[in-house]
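Data block for final31.tsv (TSV, C-alpha atoms):
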```
chain	number	residue	atom	x	y	z
F	1	LYS	CA	-64.90	48.05	-76.92
F	2	ALA	CA	-62.36	45.37	-77.80
F	3	ALA	CA	-64.74	42.58	-76.74
F	4	SER	CA	-67.58	43.92	-78.88
F	5	ALA	CA	-65.25	44.44	-81.85
F	6	ALA	CA	-64.02	40.83	-81.53
F	7	MET	CA	-67.61	39.59	-81.19
F	8	ALA	CA	-68.55	41.42	-84.39
F	9	ALA	CA	-65.75	39.53	-86.16
F	10	ASP	CA	-66.54	36.10	-84.67
F	11	ALA	CA	-70.21	35.17	-84.25
F	12	ARG	CA	-69.33	32.28	-81.88
F	13	LEU	CA	-67.86	34.59	-79.27
F	14	HIS	CA	-69.73	35.42	-76.05
F	15	MET	CA	-68.43	37.42	-73.10
F	16	LEU	CA	-69.10	36.50	-69.49
F	17	TRP	CA	-68.51	39.43	-67.13
F	18	VAL	CA	-68.05	38.09	-63.61
F	19	GLY	CA	-68.43	40.50	-60.71
F	20	ASN	CA	-69.28	44.16	-60.70
F	21	GLY	CA	-67.78	47.52	-59.95
F	22	PRO	CA	-68.26	51.26	-60.27
F	23	GLU	CA	-67.98	51.12	-64.09
F	24	GLU	CA	-70.47	48.28	-64.60
F	25	HIS	CA	-73.09	50.61	-66.08
F	26	VAL	CA	-70.54	51.66	-68.72
F	27	LEU	CA	-69.95	48.00	-69.66
F	28	HIS	CA	-73.70	47.41	-69.98
F	29	GLY	CA	-73.98	50.43	-72.27
F	30	LEU	CA	-71.07	49.31	-74.44
F	31	ALA	CA	-72.51	45.79	-74.62
F	32	GLU	CA	-75.76	47.11	-76.07
F	33	GLN	CA	-74.01	49.01	-78.86
F	34	GLY	CA	-73.92	47.25	-82.19
F	35	GLY	CA	-76.73	44.85	-81.30
F	36	LEU	CA	-74.46	42.48	-79.35
F	37	GLY	CA	-76.12	42.82	-75.95
F	38	ALA	CA	-77.51	39.27	-76.00
F	39	ARG	CA	-73.95	37.88	-76.26
F	40	HIS	CA	-72.65	39.80	-73.25
F	41	HIS	CA	-73.56	38.03	-70.01
F	42	PHE	CA	-73.26	39.73	-66.61
F	43	THR	CA	-73.27	37.84	-63.30
F	44	GLY	CA	-73.21	40.82	-60.96
F	45	TRP	CA	-71.41	40.38	-57.65
F	46	VAL	CA	-70.40	36.81	-56.79
F	47	ASN	CA	-68.57	35.56	-53.72
F	48	ASP	CA	-66.98	32.55	-55.42
F	49	THR	CA	-65.58	33.29	-58.87
F	50	ALA	CA	-63.73	29.97	-59.15
F	51	ARG	CA	-66.81	28.11	-60.39
F	52	TYR	CA	-66.92	30.29	-63.51
F	53	TYR	CA	-63.42	29.43	-64.75
F	54	ALA	CA	-64.64	26.12	-66.18
F	55	ALA	CA	-66.81	28.11	-68.61
F	56	PHE	CA	-63.91	30.21	-69.92
F	57	SER	CA	-61.81	29.54	-72.98
F	58	PHE	CA	-59.61	32.36	-71.71
F	59	LEU	CA	-59.71	35.22	-69.24
F	60	ALA	CA	-59.36	38.85	-70.30
F	61	PHE	CA	-57.87	40.97	-67.50
F	62	PRO	CA	-57.72	44.45	-69.09
F	63	SER	CA	-56.62	46.58	-66.15
F	64	VAL	CA	-55.84	50.20	-66.95
F	65	GLU	CA	-54.54	50.96	-63.44
F	66	PRO	CA	-51.56	49.12	-61.91
F	67	GLU	CA	-52.49	46.02	-59.97
F	68	THR	CA	-50.10	45.16	-57.15
F	69	PHE	CA	-50.50	41.46	-57.94
F	70	GLY	CA	-52.55	39.72	-60.61
F	71	ARG	CA	-54.42	37.34	-58.30
F	72	VAL	CA	-57.26	36.81	-60.77
F	73	ALA	CA	-54.70	35.75	-63.39
F	74	ILE	CA	-53.27	33.18	-60.96
F	75	GLU	CA	-56.74	31.88	-60.12
F	76	ALA	CA	-57.67	31.44	-63.78
F	77	ALA	CA	-54.33	29.91	-64.75
F	78	SER	CA	-54.58	27.41	-61.87
F	79	CYS	CA	-57.79	26.17	-63.53
F	80	GLY	CA	-56.04	25.78	-66.90
F	81	VAL	CA	-57.39	29.05	-68.32
F	82	PRO	CA	-54.94	31.21	-70.31
F	83	VAL	CA	-54.94	34.92	-69.59
F	84	LEU	CA	-54.94	38.05	-71.69
F	85	GLY	CA	-53.51	40.52	-69.22
F	86	SER	CA	-52.54	44.16	-69.22
F	87	ARG	CA	-48.81	44.83	-69.35
F	88	ILE	CA	-49.01	46.93	-66.18
F	89	GLY	CA	-48.28	46.62	-62.48
F	90	GLY	CA	-47.91	43.11	-61.07
F	91	ILE	CA	-49.87	41.30	-63.80
F	92	PRO	CA	-46.78	40.50	-65.95
F	93	GLU	CA	-45.17	38.84	-62.91
F	94	THR	CA	-47.95	36.24	-62.87
F	95	MET	CA	-47.64	35.17	-66.50
F	96	GLU	CA	-45.20	33.99	-69.13
F	97	ALA	CA	-46.04	36.11	-72.18
F	98	GLY	CA	-46.73	34.08	-75.31
F	99	VAL	CA	-46.78	30.83	-73.31
F	100	THR	CA	-49.45	31.08	-70.60
F	101	GLY	CA	-51.33	33.90	-72.31
F	102	GLN	CA	-50.63	37.29	-73.80
F	103	LEU	CA	-49.68	40.65	-72.32
F	104	ILE	CA	-51.26	43.66	-74.02
F	105	ALA	CA	-50.74	47.37	-73.46
F	106	PRO	CA	-53.58	48.83	-71.39
F	107	GLY	CA	-56.20	50.70	-73.37
F	108	HIS	CA	-55.02	49.59	-76.83
F	109	VAL	CA	-58.41	48.46	-78.09
F	110	ASP	CA	-57.27	47.05	-81.44
F	111	ASP	CA	-54.47	45.02	-79.82
F	112	TRP	CA	-56.98	43.62	-77.32
F	113	ARG	CA	-59.43	42.79	-80.14
F	114	ARG	CA	-56.71	40.89	-82.02
F	115	ALA	CA	-55.63	39.04	-78.86
F	116	ILE	CA	-59.22	38.02	-78.11
F	117	LEU	CA	-59.64	36.70	-81.65
F	118	ASP	CA	-56.31	34.83	-81.43
F	119	MET	CA	-57.58	33.11	-78.27
F	120	CYS	CA	-60.67	31.89	-80.13
F	121	ASP	CA	-58.44	29.30	-81.80
F	122	GLN	CA	-59.02	26.14	-79.72
F	123	ALA	CA	-55.50	24.86	-80.28
F	124	VAL	CA	-54.06	28.14	-78.98
F	125	HIS	CA	-56.16	28.46	-75.85
F	126	ARG	CA	-55.81	24.77	-75.00
F	127	ARG	CA	-52.01	24.83	-75.37
F	128	MET	CA	-51.73	28.03	-73.35
F	129	GLY	CA	-54.19	26.74	-70.75
F	130	VAL	CA	-52.04	23.67	-70.07
F	131	ALA	CA	-48.92	25.87	-69.87
F	132	ALA	CA	-50.75	28.28	-67.55
F	133	ARG	CA	-51.64	25.50	-65.10
F	134	VAL	CA	-48.07	24.17	-65.11
F	135	HIS	CA	-46.69	27.69	-64.61
F	136	VAL	CA	-48.91	28.32	-61.59
F	137	MET	CA	-48.04	24.98	-60.03
F	138	GLN	CA	-44.30	25.67	-60.50
F	139	HIS	CA	-44.35	29.27	-59.26
F	140	PHE	CA	-47.44	29.98	-57.14
F	141	SER	CA	-48.69	26.73	-55.59
F	142	ASN	CA	-48.36	26.14	-51.84
F	143	ALA	CA	-45.37	23.87	-52.53
F	144	ALA	CA	-43.70	26.53	-54.69
F	145	VAL	CA	-44.24	29.26	-52.09
F	146	ALA	CA	-42.85	26.99	-49.35
F	147	ARG	CA	-39.84	26.12	-51.55
F	148	ASP	CA	-39.13	29.79	-52.24
F	149	PHE	CA	-39.59	30.71	-48.58
F	150	GLU	CA	-37.12	28.01	-47.54
F	151	TRP	CA	-34.67	29.31	-50.15
F	152	LEU	CA	-35.05	32.82	-48.76
F	153	LEU	CA	-34.44	31.61	-45.20
F	154	ARG	CA	-31.39	29.56	-46.23
F	155	TYR	CA	-29.71	32.03	-48.56
F	156	GLY	CA	-31.20	35.40	-47.66
F	157	VAL	CA	-32.09	36.24	-51.26
F	158	GLU	CA	-34.95	35.43	-53.56
F	159	PRO	CA	-34.26	32.50	-55.91
F	160	VAL	CA	-33.36	33.42	-59.47
F	161	ARG	CA	-35.73	31.70	-61.86
F	162	ASP	CA	-35.39	30.45	-65.34
F	163	LEU	CA	-39.02	30.87	-66.44
F	164	HIS	CA	-38.86	27.57	-68.31
F	165	HIS	CA	-37.62	25.46	-65.40
F	166	ALA	CA	-38.66	25.24	-61.79
F	167	ILE	CA	-36.02	25.60	-59.10
F	168	PRO	CA	-35.18	22.14	-57.72
```

Written as structure tokens, how would this file's structure read?
Amino acid sequence: KAASAAMAADARLHMLWVGNGPEEHVLHGLAEQGGLGARHHFTGWVNDTARYYAAFSFLAFPSVEPETFGRVAIEAASCGVPVLGSRIGGIPETMEAGVTGQLIAPGHVDDWRRAILDMCDQAVHRRMGVAARVHVMQHFSNAAVARDFEWLLRYGVEPVRDLHHAIP
């Protein structure tokens, strides 16, 4: 609903739905409402989603159920794609709100519509995309995981992070 509402407000906007799931038929039905069906694009199931990130200005990750970890947010951010993510479960742990993307309450359609429209500003999504890539490299890359694991082995506790600076 939020995607279609944003598309009605900005004629340049298209949505690319990668993958599928039990609610896919609902998404197809919503896409057809309001005559916007031609601007909603569905890939169906794909084994390798990484190749699609280059086509994204941003990723919308509107989970309504808690995710244990926002892997898709990490994947997108590693490709320089900012994320609109639900403020639920593990998704907020993968992002820096207002820097690498935006966190939105699950199911708040108007807030999601506004966030989608905000991301249509090229300066915004480019700035956040660069920050997203840096954030992933500092906190989720192989080197960062190894660094944190070493810290845990040495000190027996997880490192405390300042979200604006990587641990040396």

### Message
Residues within 12 Å of (-56.9, 40.7, -76.5), file coordinates, counting only C-alpha atoms: what are they? Give the list as a PyMOL selection string.
### Response
chain F and resi 1-7+58-63+82-87+101-120

Next, dump the selected residues to file, keeping only C-alpha atoms, as a PDB file, in the frame of the given file.
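The new file out-v7.pdb reads:
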```pdb
ATOM      1  CA  LYS F   1     -64.900  48.050 -76.920  1.00  0.00           C
ATOM      2  CA  ALA F   2     -62.360  45.370 -77.800  1.00  0.00           C
ATOM      3  CA  ALA F   3     -64.740  42.580 -76.740  1.00  0.00           C
ATOM      4  CA  SER F   4     -67.580  43.920 -78.880  1.00  0.00           C
ATOM      5  CA  ALA F   5     -65.250  44.440 -81.850  1.00  0.00           C
ATOM      6  CA  ALA F   6     -64.020  40.830 -81.530  1.00  0.00           C
ATOM      7  CA  MET F   7     -67.610  39.590 -81.190  1.00  0.00           C
ATOM      8  CA  PHE F  58     -59.610  32.360 -71.710  1.00  0.00           C
ATOM      9  CA  LEU F  59     -59.710  35.220 -69.240  1.00  0.00           C
ATOM     10  CA  ALA F  60     -59.360  38.850 -70.300  1.00  0.00           C
ATOM     11  CA  PHE F  61     -57.870  40.970 -67.500  1.00  0.00           C
ATOM     12  CA  PRO F  62     -57.720  44.450 -69.090  1.00  0.00           C
ATOM     13  CA  SER F  63     -56.620  46.580 -66.150  1.00  0.00           C
ATOM     14  CA  PRO F  82     -54.940  31.210 -70.310  1.00  0.00           C
ATOM     15  CA  VAL F  83     -54.940  34.920 -69.590  1.00  0.00           C
ATOM     16  CA  LEU F  84     -54.940  38.050 -71.690  1.00  0.00           C
ATOM     17  CA  GLY F  85     -53.510  40.520 -69.220  1.00  0.00           C
ATOM     18  CA  SER F  86     -52.540  44.160 -69.220  1.00  0.00           C
ATOM     19  CA  ARG F  87     -48.810  44.830 -69.350  1.00  0.00           C
ATOM     20  CA  GLY F 101     -51.330  33.900 -72.310  1.00  0.00           C
ATOM     21  CA  GLN F 102     -50.630  37.290 -73.800  1.00  0.00           C
ATOM     22  CA  LEU F 103     -49.680  40.650 -72.320  1.00  0.00           C
ATOM     23  CA  ILE F 104     -51.260  43.660 -74.020  1.00  0.00           C
ATOM     24  CA  ALA F 105     -50.740  47.370 -73.460  1.00  0.00           C
ATOM     25  CA  PRO F 106     -53.580  48.830 -71.390  1.00  0.00           C
ATOM     26  CA  GLY F 107     -56.200  50.700 -73.370  1.00  0.00           C
ATOM     27  CA  HIS F 108     -55.020  49.590 -76.830  1.00  0.00           C
ATOM     28  CA  VAL F 109     -58.410  48.460 -78.090  1.00  0.00           C
ATOM     29  CA  ASP F 110     -57.270  47.050 -81.440  1.00  0.00           C
ATOM     30  CA  ASP F 111     -54.470  45.020 -79.820  1.00  0.00           C
ATOM     31  CA  TRP F 112     -56.980  43.620 -77.320  1.00  0.00           C
ATOM     32  CA  ARG F 113     -59.430  42.790 -80.140  1.00  0.00           C
ATOM     33  CA  ARG F 114     -56.710  40.890 -82.020  1.00  0.00           C
ATOM     34  CA  ALA F 115     -55.630  39.040 -78.860  1.00  0.00           C
ATOM     35  CA  ILE F 116     -59.220  38.020 -78.110  1.00  0.00           C
ATOM     36  CA  LEU F 117     -59.640  36.700 -81.650  1.00  0.00           C
ATOM     37  CA  ASP F 118     -56.310  34.830 -81.430  1.00  0.00           C
ATOM     38  CA  MET F 119     -57.580  33.110 -78.270  1.00  0.00           C
ATOM     39  CA  CYS F 120     -60.670  31.890 -80.130  1.00  0.00           C
TER      40      CYS F 120
END
```

*asked:* I'd like to know which of F:Leu16, F:Met95, F:Met137, F:Ala55 is closest to Ala73 in chain F, using all atoms listed in the file.
replied: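 Under the stated criterion, the closest residue is F:Met95.
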
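With all atoms listed in the file as the basis for measurement, F:Gly80 is the residue among F:Gly80, F:Gly37, F:Gly98, F:Pro159 that approaches Val130 in chain F most closely.
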
With distances taken over only C-alpha atoms, the candidate from F:Val64, F:Val18, F:Ala38, F:Leu153 nearest Gly89 in chain F is F:Val64

Item checked: Gap from CA of Ile91 in chain F to CA of Gln33 in chain F - Å, one decimal ->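 CA of Gln33 in chain F lies 29.5 Å from CA of Ile91 in chain F.
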
Atom pair CA of Gly156 in chain F + CA of Gly70 in chain F, distance 25.3 Å

Exercise. Could you give me, as a PyMOL selection string, the residues within 9 Å of Glu75 in chain F, counting only C-alpha atoms and dropping anything in the same chain fewer than 4 positions from it?
Key: chain F and resi 50+53+70-71+79+81+136

Across F:Ser78, F:Leu152, F:Leu13, F:Glu24, the smallest distance to Thr100 in chain F, with all atoms listed in the file counted, is shown by F:Ser78

Correct to one decimal, the distance CA of Ala54 in chain F-CA of Gln138 in chain F is 21.1 Å

inquiry  = Given the point (-48.7, 53.4, -63.4) in the file's coordinates, find the residues that have an atom at most 8 Å from it, counting all atoms listed in the file, and give them as a ChimeraX atom specification.
reply    = /F:65-66,88-89
